[in-house]
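**Student:** Structure below; questions to follow.
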Amino acid sequence: MTLLLSGDVTNVTLANRKCPAVTGSARKIKDNGADWHNLMLRWEKLNDEGFTTVGNIVNVRLSGVQTPEHSSLQHSTAQLHQECCKLQDIIHKMAIVAKMQRLMASQQGLMNLEEFQFGPEGRKVPLFHTWSTKQFDMPCSVLLDTFSRELQLKQTILHEVAHSPTSDLSMVYLSCWLHQPFMAAQSRVALEAMLLETGHRPL
């Protein structure tokens, strides 16, 4: 699977690395790791676009308050509607969280398969370096929880930012969008650990 790289998440090319061919469960887990990586990159691109749009909404909102003439208000309302539609489209694209849910379901399916094949303890020999198949569940759970919470926050910002009663609250919404308070360092660590384990990163 070819990985698409951009942003500052990584400076190391994950694709086209010479490594032993993997099949079966190992192939699926390795592909899932690549998918998690690409979805995070896609999210970050959308987050940057959304920050610009939220900033535009805040600016239009504040300019409308400062210049309340009728013609200016009409113009501000049209601009506000346009920017809100843009933000709604960005958040719609952020529904890649649904794809993350499918990756999580895939991981759980692999765990169930191994329990069926090898018993409750699963496979005795690691598929890659040291992790059991069950140990891939933790980083996947961390990532899914992180992005699910962030999506909920961004949906709240979409519904509230254009109606913010004060400039201070508007800036809070803008700051929350930029800094992504639910995007803890743990999520990046979880992804990097998974990429190391599956061979996408050199040890």
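Following the order of the structure tokens, first chain is A, next is B, and so on, with residues numbered from 1 inside each chain and ligands from 1 in the order they appear.
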Counting only C-alpha atoms, which residues of region 118-183 of chain A sit at most 12 Å from some atom of region 34-55 of chain A, and what is each one's closest atom pair with its distance in Å to one decimal, listed by chain and rising residue number, as a tab-separated table?

**Tutor:**
residue	atom	partner	partner_atom	distance
A:Pro139	CA	A:Trp36	CA	10.1
A:Cys140	CA	A:Trp36	CA	8.4
A:Ser141	CA	A:Trp36	CA	11.5
A:Val142	CA	A:Trp36	CA	11.6
A:Leu143	CA	A:Trp36	CA	8.4
A:Leu144	CA	A:Trp36	CA	9.6
A:Thr146	CA	A:Met40	CA	10.9
A:Phe147	CA	A:Trp43	CA	8.9
A:Ser148	CA	A:Trp43	CA	11.7
A:Glu150	CA	A:Asn47	CA	10.3
A:Leu151	CA	A:Trp43	CA	10.1
A:Lys154	CA	A:Gly50	CA	9.2
A:Gln155	CA	A:Gly50	CA	11.4
A:Ile157	CA	A:Val54	CA	8.6
A:Leu158	CA	A:Val54	CA	8.3
A:His159	CA	A:Val54	CA	11.4
A:Glu160	CA	A:Val54	CA	10.9
A:Val161	CA	A:Val54	CA	7.7
A:Ala162	CA	A:Val54	CA	8.9
A:Ser164	CA	A:Val54	CA	12.0
A:Ser167	CA	A:Gly55	CA	11.8
A:Ser170	CA	A:Gly55	CA	9.1
A:Met171	CA	A:Gly55	CA	8.7
A:Val172	CA	A:Val54	CA	11.1
A:Tyr173	CA	A:Val54	CA	8.2
A:Leu174	CA	A:Val54	CA	6.2
A:Ser175	CA	A:Phe51	CA	8.8
A:Cys176	CA	A:Phe51	CA	9.5
A:Trp177	CA	A:Phe51	CA	6.2
A:Leu178	CA	A:Phe51	CA	6.0
A:His179	CA	A:Phe51	CA	9.8
A:Gln180	CA	A:Asn47	CA	9.0
A:Met183	CA	A:Met40	CA	10.9

**Student:** Using only C-alpha atoms, which protein or nucleic acid residues come within 10 Å of Lys134 (chain A)? Drop anything in the same chain fewer than 3 positions from it, and give the result as a list of chain:residue names.

**Tutor:**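 Listed by chain and then number, they are A:Gln107, A:Gln108, A:Leu110, A:Met111, A:Asn112, A:Glu114, A:Glu115, A:Glu121, A:Gly122, A:Arg123, A:Trp131, A:Asp137, A:Met138.
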
**Student:** Near Arg149 (chain A), counting only C-alpha atoms, which residues have an atom at most 8 Å away, once you skip same-chain residues fewer than 4 positions from it, shown as a PDB file with all heavy atoms, in the first residue's frame?

**Tutor:**
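Result saved to part_8.pdb:
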ATOM      1  N   ASP A 145     -10.827   6.992  19.546  1.00  0.00           N
ATOM      2  CA  ASP A 145     -11.413   7.840  20.588  1.00  0.00           C
ATOM      3  C   ASP A 145     -11.003   9.300  20.390  1.00  0.00           C
ATOM      4  O   ASP A 145     -11.839  10.215  20.501  1.00  0.00           O
ATOM      5  CB  ASP A 145     -10.961   7.351  21.962  1.00  0.00           C
ATOM      6  CG  ASP A 145     -11.562   8.178  23.093  1.00  0.00           C
ATOM      7  OD1 ASP A 145     -12.794   8.141  23.267  1.00  0.00           O
ATOM      8  OD2 ASP A 145     -10.802   8.870  23.791  1.00  0.00           O
ATOM      9  N   LEU A 153     -16.306  17.945  18.831  1.00  0.00           N
ATOM     10  CA  LEU A 153     -15.984  19.328  19.160  1.00  0.00           C
ATOM     11  C   LEU A 153     -16.140  20.228  17.942  1.00  0.00           C
ATOM     12  O   LEU A 153     -16.713  21.323  18.025  1.00  0.00           O
ATOM     13  CB  LEU A 153     -14.546  19.419  19.697  1.00  0.00           C
ATOM     14  CG  LEU A 153     -14.005  20.834  19.957  1.00  0.00           C
ATOM     15  CD1 LEU A 153     -14.851  21.561  20.995  1.00  0.00           C
ATOM     16  CD2 LEU A 153     -12.546  20.777  20.389  1.00  0.00           C
ATOM     17  N   PHE A 182      -8.443  17.533  22.229  1.00  0.00           N
ATOM     18  CA  PHE A 182      -8.544  16.086  22.431  1.00  0.00           C
ATOM     19  C   PHE A 182      -7.448  15.322  21.700  1.00  0.00           C
ATOM     20  O   PHE A 182      -7.316  14.110  21.870  1.00  0.00           O
ATOM     21  CB  PHE A 182      -9.917  15.577  21.979  1.00  0.00           C
ATOM     22  CG  PHE A 182     -11.050  16.098  22.816  1.00  0.00           C
ATOM     23  CD1 PHE A 182     -11.956  17.010  22.290  1.00  0.00           C
ATOM     24  CD2 PHE A 182     -11.197  15.695  24.128  1.00  0.00           C
ATOM     25  CE1 PHE A 182     -12.998  17.507  23.066  1.00  0.00           C
ATOM     26  CE2 PHE A 182     -12.243  16.181  24.913  1.00  0.00           C
ATOM     27  CZ  PHE A 182     -13.143  17.093  24.376  1.00  0.00           C
TER      28      PHE A 182
END

**Student:** Could you jot down the CA of Ile96 (chain A) to CA of Ile57 (chain A) separation for me, Å, one decimal place?

**Tutor:** 23.8 Å

**Student:** Hey, can you check how far CA of Met100 (chain A) sits from CA of Lys86 (chain A)?

**Tutor:**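 CA of Met100 (chain A) sits 23.4 Å away from CA of Lys86 (chain A).
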
**Student:** To one decimal place, how far is CA of Leu103 (chain A) from CA of Ile90 (chain A) in Å?

**Tutor:**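 Rounded to one decimal, the two atoms are 21.7 Å apart.
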
**Student:** So, counting only C-alpha atoms, which residue among A:Leu203, A:Asp89, A:Ala185, A:His163 is closest to Val60 (chain A)?

**Tutor:**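 Among A:Leu203, A:Asp89, A:Ala185, A:His163, it is A:His163 that comes nearest to Val60 (chain A).
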
**Student:** Can you tell me, as a ChimeraX atom specification, which residues in region 59-152 of chain A count as helix (DSSP H, G or I) by DSSP?

**Tutor:** /A:59-66,70-118,133-152
